[in-house]
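A.B. asks: Below is the file input.cif, with mmCIF, C-alpha atoms (C1' of nucleotides).
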data_final
loop_
_atom_site.label_atom_id
_atom_site.label_comp_id
_atom_site.auth_asym_id
_atom_site.auth_seq_id
_atom_site.Cartn_x
_atom_site.Cartn_y
_atom_site.Cartn_z
CA MET A 1 -37.89 -18.16 1.24
CA ALA A 2 -36.88 -20.99 3.51
CA GLN A 3 -37.60 -20.75 7.17
CA THR A 4 -34.94 -18.84 9.08
CA ARG A 5 -32.21 -20.98 10.56
CA TRP A 6 -31.51 -19.15 13.79
CA LEU A 7 -28.13 -19.44 15.45
CA ASP A 8 -27.74 -22.18 18.02
CA GLU A 9 -25.85 -21.57 21.23
CA GLN A 10 -22.39 -22.26 19.89
CA GLU A 11 -22.97 -20.26 16.76
CA MET A 12 -24.24 -17.37 18.78
CA ALA A 13 -21.25 -17.58 21.08
CA ALA A 14 -18.92 -17.48 18.10
CA TRP A 15 -20.74 -14.52 16.58
CA ARG A 16 -20.91 -12.59 19.83
CA GLY A 17 -17.27 -13.33 20.54
CA PHE A 18 -16.30 -12.18 17.10
CA LEU A 19 -18.17 -8.93 17.48
CA ALA A 20 -17.03 -8.21 21.00
CA ALA A 21 -13.42 -9.11 20.39
CA GLY A 22 -13.43 -6.99 17.27
CA HIS A 23 -14.62 -3.90 19.09
CA LEU A 24 -12.53 -4.41 22.18
CA VAL A 25 -9.29 -5.16 20.42
CA ALA A 26 -9.80 -2.29 18.00
CA ARG A 27 -10.45 0.07 20.84
CA ARG A 28 -7.45 -1.04 22.83
CA LEU A 29 -5.06 -0.74 19.91
CA GLU A 30 -6.44 2.60 18.86
CA GLN A 31 -5.77 3.88 22.31
CA GLN A 32 -2.33 2.35 22.60
CA LEU A 33 -1.16 3.74 19.27
CA LYS A 34 -2.59 7.18 19.93
CA ASP A 35 -0.90 7.32 23.31
CA GLU A 36 2.47 5.92 22.41
CA ALA A 37 2.92 6.99 18.82
CA GLY A 38 0.32 9.63 18.05
CA LEU A 39 -1.08 7.54 15.23
CA SER A 40 -4.49 6.10 14.53
CA HIS A 41 -4.60 2.41 13.77
CA THR A 42 -5.48 3.19 10.17
CA GLN A 43 -2.48 5.43 9.83
CA TYR A 44 -0.24 2.83 11.38
CA GLU A 45 -1.54 0.25 8.94
CA ILE A 46 -0.79 2.55 6.02
CA LEU A 47 2.79 2.88 7.17
CA VAL A 48 3.07 -0.86 7.61
CA HIS A 49 1.80 -1.67 4.14
CA LEU A 50 4.00 0.92 2.52
CA SER A 51 6.96 -0.33 4.47
CA ALA A 52 6.28 -3.88 3.33
CA ALA A 53 6.05 -2.85 -0.32
CA PRO A 54 9.10 -3.50 -2.48
CA ASP A 55 10.12 0.14 -2.78
CA GLY A 56 8.14 1.64 0.06
CA ALA A 57 5.47 2.89 -2.31
CA LEU A 58 2.05 1.73 -3.44
CA ARG A 59 -0.66 2.95 -5.74
CA MET A 60 -3.60 4.46 -3.90
CA ALA A 61 -6.10 1.95 -5.18
CA ASP A 62 -3.81 -0.93 -4.30
CA LEU A 63 -3.27 0.42 -0.83
CA ALA A 64 -6.98 1.01 -0.32
CA GLU A 65 -7.72 -2.59 -1.11
CA ARG A 66 -5.11 -3.90 1.30
CA LEU A 67 -6.40 -1.68 4.06
CA ILE A 68 -9.97 -2.68 3.30
CA THR A 69 -11.09 0.89 3.26
CA SER A 70 -12.80 3.14 0.75
CA LYS A 71 -10.84 5.17 -1.77
CA SER A 72 -12.07 8.40 -0.28
CA GLY A 73 -11.13 7.28 3.20
CA LEU A 74 -7.63 6.54 2.04
CA THR A 75 -7.30 9.91 0.31
CA TYR A 76 -8.14 11.53 3.59
CA GLN A 77 -5.70 9.54 5.68
CA VAL A 78 -2.85 9.86 3.25
CA ALA A 79 -3.42 13.60 3.29
CA GLN A 80 -3.12 13.55 7.07
CA LEU A 81 0.06 11.55 6.95
CA GLU A 82 1.43 13.84 4.28
CA LYS A 83 0.81 16.85 6.49
CA ALA A 84 2.71 15.06 9.19
CA GLY A 85 5.54 14.35 6.79
CA LEU A 86 5.34 10.59 7.17
CA VAL A 87 4.21 9.86 3.67
CA GLY A 88 4.76 11.49 0.31
CA ARG A 89 2.84 11.46 -2.94
CA ARG A 90 4.45 10.79 -6.25
CA SER A 91 2.61 10.66 -9.53
CA CYS A 92 2.93 7.60 -11.68
CA THR A 93 4.95 7.98 -14.85
CA SER A 94 3.10 5.40 -16.91
CA ASP A 95 -0.34 6.61 -15.95
CA VAL A 96 -0.94 10.28 -15.33
CA ARG A 97 -3.93 9.55 -13.14
CA GLY A 98 -2.02 7.21 -10.91
CA VAL A 99 -0.65 8.32 -7.57
CA PHE A 100 1.90 6.53 -5.46
CA ALA A 101 2.00 6.97 -1.75
CA GLU A 102 5.50 6.44 -0.48
CA LEU A 103 7.01 6.19 2.94
CA THR A 104 9.31 9.05 3.83
CA GLU A 105 12.44 8.68 5.94
CA GLN A 106 10.54 10.17 8.81
CA GLY A 107 7.62 7.87 8.24
CA ALA A 108 9.89 4.86 8.35
CA ALA A 109 11.45 6.17 11.53
CA VAL A 110 8.09 6.71 13.19
CA LEU A 111 7.05 3.21 12.21
CA ARG A 112 10.22 1.68 13.63
CA GLU A 113 9.60 3.59 16.79
CA ALA A 114 5.96 2.56 17.08
CA ALA A 115 6.16 -1.06 16.05
CA PRO A 116 7.47 -2.67 19.24
CA GLY A 117 4.78 -1.17 21.41
CA HIS A 118 2.10 -2.04 18.91
CA VAL A 119 3.20 -5.65 18.58
CA ALA A 120 3.29 -5.93 22.33
CA ALA A 121 -0.26 -4.64 22.52
CA VAL A 122 -1.44 -7.04 19.84
CA ARG A 123 0.13 -9.90 21.76
CA GLU A 124 -1.39 -8.84 25.01
CA ALA A 125 -4.84 -8.30 23.59
CA LEU A 126 -5.09 -11.24 21.23
CA ILE A 127 -2.15 -13.40 20.26
CA ASP A 128 -0.77 -14.37 23.63
CA VAL A 129 -4.24 -15.09 24.95
CA LEU A 130 -4.53 -18.02 22.58
CA ASP A 131 -2.69 -21.31 22.62
CA ARG A 132 -1.05 -22.55 19.46
CA GLU A 133 -3.95 -24.65 18.32
CA GLN A 134 -6.45 -21.86 18.73
CA LEU A 135 -4.11 -19.56 16.89
CA VAL A 136 -3.84 -21.85 13.92
CA VAL A 137 -7.54 -22.57 13.75
CA LEU A 138 -8.29 -18.87 14.02
CA ALA A 139 -5.89 -18.01 11.23
CA GLU A 140 -7.34 -20.66 8.98
CA ALA A 141 -10.95 -19.89 9.74
CA LEU A 142 -10.76 -16.14 9.49
CA GLY A 143 -8.48 -16.38 6.50
CA GLU A 144 -11.16 -18.29 4.69
CA VAL A 145 -13.82 -15.84 5.80
CA SER A 146 -11.76 -12.98 4.43
CA ARG A 147 -11.01 -14.73 1.19
CA ARG A 148 -14.69 -15.27 0.53
CA LEU A 149 -15.60 -11.71 1.30
CA ARG A 150 -12.85 -10.13 -0.71
CA GLY A 151 -13.17 -9.38 -4.37
CA PRO A 152 -16.40 -9.75 -6.31
CA ASP A 153 -19.41 -11.50 -4.85
CA ARG A 154 -19.30 -15.03 -6.07
CA THR A 155 -22.09 -15.87 -3.69
CA GLY A 156 -24.36 -17.72 -5.99
CA GLU A 157 -22.03 -19.04 -8.65
CA MET B 1 12.46 -3.39 28.04
CA ALA B 2 12.89 -6.86 26.68
CA GLN B 3 13.65 -7.33 23.03
CA THR B 4 10.54 -7.26 20.87
CA ARG B 5 8.99 -10.62 20.17
CA TRP B 6 7.78 -10.17 16.62
CA LEU B 7 4.93 -12.24 15.30
CA ASP B 8 5.83 -15.44 13.55
CA GLU B 9 4.07 -16.52 10.41
CA GLN B 10 1.12 -18.21 12.09
CA GLU B 11 0.64 -15.41 14.54
CA MET B 12 0.73 -12.88 11.75
CA ALA B 13 -1.78 -14.88 9.76
CA ALA B 14 -4.10 -14.98 12.75
CA TRP B 15 -3.75 -11.26 13.34
CA ARG B 16 -4.19 -10.33 9.69
CA GLY B 17 -7.16 -12.64 9.40
CA PHE B 18 -8.71 -11.16 12.47
CA LEU B 19 -8.32 -7.65 11.16
CA ALA B 20 -9.45 -8.39 7.64
CA ALA B 21 -12.41 -10.51 8.66
CA GLY B 22 -13.45 -7.85 11.12
CA HIS B 23 -13.54 -5.13 8.49
CA LEU B 24 -15.05 -7.23 5.76
CA VAL B 25 -17.79 -8.75 7.84
CA ALA B 26 -18.64 -5.41 9.39
CA ARG B 27 -18.88 -3.79 6.01
CA ARG B 28 -21.02 -6.52 4.56
CA LEU B 29 -23.47 -6.48 7.44
CA GLU B 30 -23.65 -2.74 7.51
CA GLN B 31 -24.62 -2.76 3.88
CA GLN B 32 -27.10 -5.59 4.20
CA LEU B 33 -28.90 -3.99 7.11
CA LYS B 34 -28.97 -0.57 5.51
CA ASP B 35 -30.40 -2.01 2.33
CA GLU B 36 -32.94 -4.38 3.74
CA ALA B 37 -33.98 -2.70 6.96
CA GLY B 38 -32.75 0.87 6.88
CA LEU B 39 -30.78 0.34 10.06
CA SER B 40 -27.12 0.67 10.90
CA HIS B 41 -25.56 -2.31 12.59
CA THR B 42 -25.27 -0.36 15.80
CA GLN B 43 -28.95 0.46 15.72
CA TYR B 44 -29.82 -3.14 15.02
CA GLU B 45 -27.73 -4.24 17.95
CA ILE B 46 -29.51 -1.80 20.21
CA LEU B 47 -32.84 -3.27 19.23
CA VAL B 48 -31.52 -6.79 19.78
CA HIS B 49 -30.22 -6.08 23.24
CA LEU B 50 -33.38 -4.30 24.28
CA SER B 51 -35.45 -7.13 22.90
CA ALA B 52 -33.42 -9.64 24.86
CA ALA B 53 -33.83 -7.72 28.11
CA PRO B 54 -36.44 -8.99 30.56
CA ASP B 55 -38.90 -6.17 29.98
CA GLY B 56 -37.57 -4.77 26.74
CA ALA B 57 -35.79 -1.97 28.52
CA LEU B 58 -32.27 -1.28 29.72
CA ARG B 59 -30.41 1.49 31.45
CA MET B 60 -28.28 3.56 29.11
CA ALA B 61 -25.03 2.72 30.84
CA ASP B 62 -25.88 -0.96 30.85
CA LEU B 63 -26.75 -0.90 27.20
CA ALA B 64 -23.59 1.02 26.33
CA GLU B 65 -21.47 -1.61 28.00
CA ARG B 66 -23.17 -4.43 26.16
CA LEU B 67 -22.76 -2.69 22.85
CA ILE B 68 -19.15 -1.89 23.65
CA THR B 69 -19.61 1.71 22.68
CA SER B 70 -19.13 5.02 24.39
CA LYS B 71 -21.86 6.62 26.44
CA SER B 72 -21.98 9.58 24.11
CA GLY B 73 -22.25 7.35 21.09
CA LEU B 74 -25.17 5.54 22.62
CA THR B 75 -26.94 8.78 23.47
CA TYR B 76 -26.69 9.70 19.83
CA GLN B 77 -27.94 6.42 18.47
CA VAL B 78 -30.81 6.14 20.89
CA ALA B 79 -31.82 9.64 19.86
CA GLN B 80 -31.88 8.53 16.24
CA LEU B 81 -33.95 5.48 17.07
CA GLU B 82 -36.26 7.59 19.14
CA LYS B 83 -36.86 9.93 16.21
CA ALA B 84 -37.69 6.88 14.16
CA GLY B 85 -40.11 5.69 16.82
CA LEU B 86 -38.35 2.40 17.42
CA VAL B 87 -37.19 3.12 20.93
CA GLY B 88 -38.56 5.17 23.78
CA ARG B 89 -36.98 6.77 26.82
CA ARG B 90 -38.32 6.33 30.30
CA SER B 91 -36.76 7.81 33.39
CA CYS B 92 -35.90 5.54 36.26
CA THR B 93 -38.02 5.84 39.39
CA SER B 94 -35.36 4.84 41.86
CA ASP B 95 -32.66 7.06 40.39
CA VAL B 96 -33.55 10.41 38.90
CA ARG B 97 -30.44 10.39 36.74
CA GLY B 98 -31.21 7.03 35.29
CA VAL B 99 -32.75 6.62 31.87
CA PHE B 100 -34.25 3.49 30.45
CA ALA B 101 -34.30 2.89 26.75
CA GLU B 102 -37.19 0.66 25.87
CA LEU B 103 -38.27 -1.05 22.73
CA THR B 104 -41.50 0.26 21.27
CA GLU B 105 -44.07 -1.87 19.50
CA GLN B 106 -42.81 -0.54 16.24
CA GLY B 107 -39.22 -1.19 17.22
CA ALA B 108 -40.04 -4.79 18.00
CA ALA B 109 -41.81 -5.10 14.68
CA VAL B 110 -38.89 -3.66 12.75
CA LEU B 111 -36.55 -6.03 14.54
CA ARG B 112 -38.75 -9.05 13.76
CA GLU B 113 -38.76 -7.93 10.18
CA ALA B 114 -35.03 -7.39 9.94
CA ALA B 115 -33.78 -10.38 11.89
CA PRO B 116 -34.14 -13.14 9.31
CA GLY B 117 -32.17 -11.27 6.66
CA HIS B 118 -29.53 -10.31 9.15
CA VAL B 119 -29.07 -13.82 10.46
CA ALA B 120 -28.81 -15.08 6.93
CA ALA B 121 -26.10 -12.54 6.21
CA VAL B 122 -24.21 -13.47 9.35
CA ARG B 123 -24.36 -17.10 8.34
CA GLU B 124 -23.22 -16.41 4.85
CA ALA B 125 -20.37 -14.15 5.87
CA LEU B 126 -19.09 -15.99 8.89
CA ILE B 127 -20.92 -18.85 10.55
CA ASP B 128 -21.59 -21.15 7.64
CA VAL B 129 -18.06 -20.68 6.37
CA LEU B 130 -16.73 -22.52 9.41
CA ASP B 131 -17.06 -26.15 10.33
CA ARG B 132 -18.22 -27.08 13.79
CA GLU B 133 -14.79 -27.43 15.26
CA GLN B 134 -13.64 -24.07 14.00
CA LEU B 135 -16.81 -22.56 15.31
CA VAL B 136 -16.29 -23.90 18.78
CA VAL B 137 -12.64 -22.94 18.91
CA LEU B 138 -13.46 -19.49 17.65
CA ALA B 139 -16.15 -19.01 20.25
CA GLU B 140 -13.88 -20.14 23.03
CA ALA B 141 -10.86 -18.20 21.89
CA LEU B 142 -12.59 -14.90 21.15
CA GLY B 143 -14.73 -15.31 24.24
CA GLU B 144 -11.60 -15.40 26.33
CA VAL B 145 -10.13 -12.45 24.47
CA SER B 146 -13.25 -10.43 25.15
CA ARG B 147 -13.40 -11.43 28.77
CA ARG B 148 -9.88 -10.21 29.35
CA LEU B 149 -10.44 -6.92 27.63
CA ARG B 150 -13.72 -6.15 29.31
CA GLY B 151 -13.95 -4.61 32.69
CA PRO B 152 -11.24 -2.56 34.34
CA ASP B 153 -7.69 -2.44 33.04
CA ARG B 154 -5.69 -4.64 35.28
CA THR B 155 -2.78 -4.36 32.94
CA GLY B 156 -0.09 -3.45 35.38
CA GLU B 157 -1.38 -4.87 38.67
"C1'" DA C 1 -8.82 10.71 -35.37
"C1'" DC C 2 -12.94 9.88 -32.47
"C1'" DA C 3 -16.48 8.05 -29.64
"C1'" DC C 4 -17.02 5.08 -25.47
"C1'" DC C 5 -16.53 2.70 -21.43
"C1'" DG C 6 -13.89 1.52 -17.38
"C1'" DT C 7 -10.41 3.07 -13.99
"C1'" DG C 8 -7.96 6.12 -10.56
"C1'" DG C 9 -8.32 9.85 -7.25
"C1'" DT C 10 -10.39 13.65 -5.19
"C1'" DT C 11 -14.12 16.38 -3.43
"C1'" DC C 12 -18.42 16.95 -0.97
"C1'" DG C 13 -22.13 16.22 2.22
"C1'" DA C 14 -24.01 13.32 5.73
"C1'" DA C 15 -23.58 9.98 9.42
"C1'" DT C 16 -20.97 8.24 13.28
"C1'" DG C 17 -17.77 7.45 17.03
"C1'" DT C 18 -14.89 9.33 20.81
"C1'" DG C 19 -13.17 11.70 24.93
"C1'" DA C 20 -13.51 15.77 27.79
"C1'" DA C 21 -16.29 18.88 30.19
"C1'" DC C 22 -20.69 19.43 32.58
"C1'" DA C 23 -24.60 19.37 35.65
"C1'" DA C 24 -27.33 16.65 38.56
"C1'" DC C 25 -27.60 13.07 41.66
"C1'" DC C 26 -26.66 8.75 44.86
"C1'" DC C 27 -24.16 7.08 48.81
"C1'" DG C 28 -21.40 6.44 52.68
"C1'" DA C 29 -18.52 8.55 56.24
"C1'" DT C 30 -18.05 12.27 59.53
"C1'" DA D 1 -27.04 17.57 57.99
"C1'" DT D 2 -23.33 17.68 54.83
"C1'" DC D 3 -19.11 16.92 52.43
"C1'" DG D 4 -16.45 14.35 49.06
"C1'" DG D 5 -16.15 10.83 45.61
"C1'" DG D 6 -18.04 8.18 42.10
"C1'" DT D 7 -22.17 7.70 38.69
"C1'" DT D 8 -25.33 8.91 34.96
"C1'" DG D 9 -26.49 11.07 30.70
"C1'" DT D 10 -25.90 14.76 27.72
"C1'" DT D 11 -23.57 18.25 25.11
"C1'" DC D 12 -19.75 19.70 22.35
"C1'" DA D 13 -15.87 19.89 19.28
"C1'" DC D 14 -13.33 17.12 16.48
"C1'" DA D 15 -11.75 13.13 13.65
"C1'" DT D 16 -13.08 9.68 10.57
"C1'" DT D 17 -15.61 6.98 7.36
"C1'" DC D 18 -18.37 6.17 3.47
"C1'" DG D 19 -20.81 6.52 -1.01
"C1'" DA D 20 -22.09 9.38 -4.82
"C1'" DA D 21 -20.78 12.74 -7.98
"C1'" DC D 22 -17.08 14.33 -10.69
"C1'" DC D 23 -13.08 15.03 -13.63
"C1'" DA D 24 -9.28 13.41 -16.27
"C1'" DC D 25 -7.19 9.82 -18.51
"C1'" DG D 26 -6.17 5.06 -20.80
"C1'" DG D 27 -7.43 1.62 -24.13
"C1'" DT D 28 -10.15 -0.27 -27.61
"C1'" DG D 29 -12.97 -0.61 -31.68
"C1'" DT D 30 -14.23 1.58 -36.00
#
Could you render the structure from this file as structure tokens?
C.D. replies:
Amino acid sequence: MAQTRWLDEQEMAAWRGFLAAGHLVARRLEQQLKDEAGLSHTQYEILVHLSAAPDGALRMADLAERLITSKSGLTYQVAQLEKAGLVGRRSCTSDVRGVFAELTEQGAAVLREAAPGHVAAVREALIDVLDREQLVVLAEALGEVSRRLRGPDRTGE
Amino acid sequence: MAQTRWLDEQEMAAWRGFLAAGHLVARRLEQQLKDEAGLSHTQYEILVHLSAAPDGALRMADLAERLITSKSGLTYQVAQLEKAGLVGRRSCTSDVRGVFAELTEQGAAVLREAAPGHVAAVREALIDVLDREQLVVLAEALGEVSRRLRGPDRTGE
DNA sequence: ACACCGTGGTTCGAATGTGAACAACCCGAT
DNA sequence: ATCGGGTTGTTCACATTCGAACCACGGTGT
């Protein structure tokens, strides 16, 4: 085992900033959505992804991957949204096991209602704080980070 | 209410990257720490902050703010760490209400043990994925984001 | 047709995180 | 001295999250 390469000052600043910003932004948005739309951020994200899907429906597994959450976690949240009437379940015709979650009329309406306030909060907390160059670098950098962490671990290949 | 300014493509990429990277990195580190050190990331962070404090001790409220967590959440985690013998509680002499959490010998040892693996994971997941320029921009950008979100809400003033 | 392995979802138990309500306490103004 | 406001930690009830166990099914090879 090689000697540990500790983080230098800039690296530490980046790491601390990443952690802090993550928590703070998450907290702010959670609060904003709960207050203004009665949704958790996770629930809002589910509605967004369904809304963006071709026919407003996605397979559970597919949706779970996009949300970056566990299957069981998704089952729970979809159940909540179903109780609230914002999402429906439809079984898949080609695969009996498969389940589609689909946006209901009401779900779409709630999303339309909630979106402006959410976008405004995202701008205020993150986007509008950055200038264009920072924005682009951030997108590129974190995009690459995500890409590497997604899917199977190709760490050592 | 002005018309909603939706996110353009770059802004959306930055936002999505931020969200995805946040989840993915958090998940990876959580797993790495649990596997190699038997600690949650929160617990690890508590040890780190205590270790960094002048005398290895911090007031609960102070610690909670640094961790960006709720007071109640901290009470819980410190209790867990106390059960494990990694942290001790000491009441404050100047303020009866005050409680200091302090790193124990064992806590310091566990931290020393866990740190190298954790730093390596942080490098692999985030730091070493970025080049120096990205790193610096990220640190600056997210530092500013954090700074604005910390402290009191001056949203409407 | 049948045995097998991988996949898709759900269920279950355990661990956390949060805000509200509390009780005790510090401090400054009256 | 004491009254009111803000602090400090904790307790509590509740909402989530996650991984492991599980069940049912799809596809493939024989």
A.B. asks: What residues come out when you apply the PyMOL selection byres ((chain B) within 10 of (chain D)) to this file, written as a ChimeraX atom specification?
C.D. replies: /B:59-61,71-72,74-76,95-99
A.B. asks: What is the distance, in Å and to one decimal place, between atom CA of A:Leu142 and atom CA of B:Gly17?
C.D. replies: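 Atom CA of B:Gly17 lies 5.0 Å from atom CA of A:Leu142.
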A.B. asks: Given the PyMOL selection byres ((chain B) within 6 of (chain A)) and the file above, list the residues it selects as a short mmCIF file (atom, residue, chain, number, x, y, z; two decimals) with C-alpha atoms, in the coordinates of the input.
C.D. replies:
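Once everything was written out, this is selection-v3.cif:
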data_model
loop_
_atom_site.label_atom_id
_atom_site.label_comp_id
_atom_site.auth_asym_id
_atom_site.auth_seq_id
_atom_site.Cartn_x
_atom_site.Cartn_y
_atom_site.Cartn_z
CA THR B 4 10.54 -7.26 20.87
CA ALA B 13 -1.78 -14.88 9.76
CA ALA B 14 -4.10 -14.98 12.75
CA GLY B 17 -7.16 -12.64 9.40
CA ALA B 21 -12.41 -10.51 8.66
CA PRO B 116 -34.14 -13.14 9.31
CA LEU B 138 -13.46 -19.49 17.65
CA ALA B 139 -16.15 -19.01 20.25
CA LEU B 142 -12.59 -14.90 21.15
CA GLY B 143 -14.73 -15.31 24.24
CA SER B 146 -13.25 -10.43 25.15
#
A.B. asks: Within 9 Å of chain A, which residues of chain C are there when counting all atoms listed in the file? Please give them as JSON, numbers by chain.
C.D. replies: {"C": [8, 9, 10, 11]}
A.B. asks: For B:Ala53, please output as a PyMOL selection string all residues within 12 Å (counting all atoms listed in the file; exclusion window: fewer than 2 positions along the same chain).
C.D. replies: chain B and resi 46-51+55-59+62-63+66+100-103
A.B. asks: What would the list of residues within 9 Å of (-38.9, 2.6, 19.3) (file frame) look like as a list in words, if all atoms listed in the file are what count?
C.D. replies: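 It turns out the residues near that spot are Leu47, Val78, Leu81, Glu82, Lys83, Ala84, Gly85, Leu86, Val87, Gly88, Arg89, Ala101, Glu102, Leu103, Thr104, Glu105, Gln106, Gly107 and Ala108 of chain B.
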A.B. asks: Hey, can you check how far atom C1' of C:DC25 sits from atom CA of B:Glu45?
C.D. replies: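 These atoms are spaced 29.4 Å apart.
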A.B. asks: Residues at most 10 Å from B:Glu36, counting all atoms listed in the file, excluding those fewer than 2 positions away in the same chain, as a VMD selection string?
C.D. replies: chain B and resid 31 to 34 38 to 39 113 to 114 117 to 118
A.B. asks: Quick one, how far is atom C1' of C:DA15 from atom CA of A:Tyr44?
C.D. replies: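 These atoms are spaced 24.5 Å apart.
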A.B. asks: Reconstruct stretch 132-146 of chain B at the level of N, CA, C and O atoms, and format the result as a CSV table (one decimal), in the coordinates of the input.
C.D. replies:
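What follows is the written file selection_4.csv:
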chain,number,residue,atom,x,y,z
B,132,ARG,N,-17.9,-27.1,12.4
B,132,ARG,CA,-18.2,-27.1,13.8
B,132,ARG,C,-17.0,-26.9,14.7
B,132,ARG,O,-17.1,-26.2,15.7
B,133,GLU,N,-16.0,-27.5,14.4
B,133,GLU,CA,-14.8,-27.4,15.3
B,133,GLU,C,-14.2,-26.0,15.3
B,133,GLU,O,-13.9,-25.4,16.3
B,134,GLN,N,-14.1,-25.4,14.1
B,134,GLN,CA,-13.6,-24.1,14.0
B,134,GLN,C,-14.5,-23.1,14.8
B,134,GLN,O,-14.1,-22.2,15.5
B,135,LEU,N,-15.8,-23.4,14.6
B,135,LEU,CA,-16.8,-22.6,15.3
B,135,LEU,C,-16.6,-22.6,16.8
B,135,LEU,O,-16.6,-21.5,17.5
B,136,VAL,N,-16.4,-23.8,17.3
B,136,VAL,CA,-16.3,-23.9,18.8
B,136,VAL,C,-15.0,-23.3,19.3
B,136,VAL,O,-15.0,-22.6,20.3
B,137,VAL,N,-13.9,-23.5,18.5
B,137,VAL,CA,-12.6,-22.9,18.9
B,137,VAL,C,-12.7,-21.4,18.9
B,137,VAL,O,-12.2,-20.7,19.8
B,138,LEU,N,-13.3,-20.9,17.8
B,138,LEU,CA,-13.5,-19.5,17.6
B,138,LEU,C,-14.2,-18.9,18.8
B,138,LEU,O,-13.8,-17.9,19.4
B,139,ALA,N,-15.3,-19.5,19.2
B,139,ALA,CA,-16.2,-19.0,20.2
B,139,ALA,C,-15.4,-19.0,21.5
B,139,ALA,O,-15.4,-18.0,22.3
B,140,GLU,N,-14.6,-20.0,21.8
B,140,GLU,CA,-13.9,-20.1,23.0
B,140,GLU,C,-12.8,-19.1,23.1
B,140,GLU,O,-12.6,-18.4,24.0
B,141,ALA,N,-12.0,-19.1,22.0
B,141,ALA,CA,-10.9,-18.2,21.9
B,141,ALA,C,-11.3,-16.7,22.0
B,141,ALA,O,-10.8,-16.0,22.8
B,142,LEU,N,-12.2,-16.3,21.2
B,142,LEU,CA,-12.6,-14.9,21.2
B,142,LEU,C,-13.4,-14.5,22.4
B,142,LEU,O,-13.4,-13.4,22.8
B,143,GLY,N,-14.0,-15.5,23.0
B,143,GLY,CA,-14.7,-15.3,24.2
B,143,GLY,C,-13.7,-14.9,25.3
B,143,GLY,O,-13.9,-14.0,26.1
B,144,GLU,N,-12.6,-15.7,25.3
B,144,GLU,CA,-11.6,-15.4,26.3
B,144,GLU,C,-11.0,-14.0,26.1
B,144,GLU,O,-10.7,-13.3,27.0
B,145,VAL,N,-10.7,-13.7,24.8
B,145,VAL,CA,-10.1,-12.4,24.5
B,145,VAL,C,-11.0,-11.3,25.0
B,145,VAL,O,-10.6,-10.3,25.6
B,146,SER,N,-12.3,-11.5,24.7
B,146,SER,CA,-13.2,-10.4,25.2
B,146,SER,C,-13.3,-10.3,26.7
B,146,SER,O,-13.2,-9.2,27.2
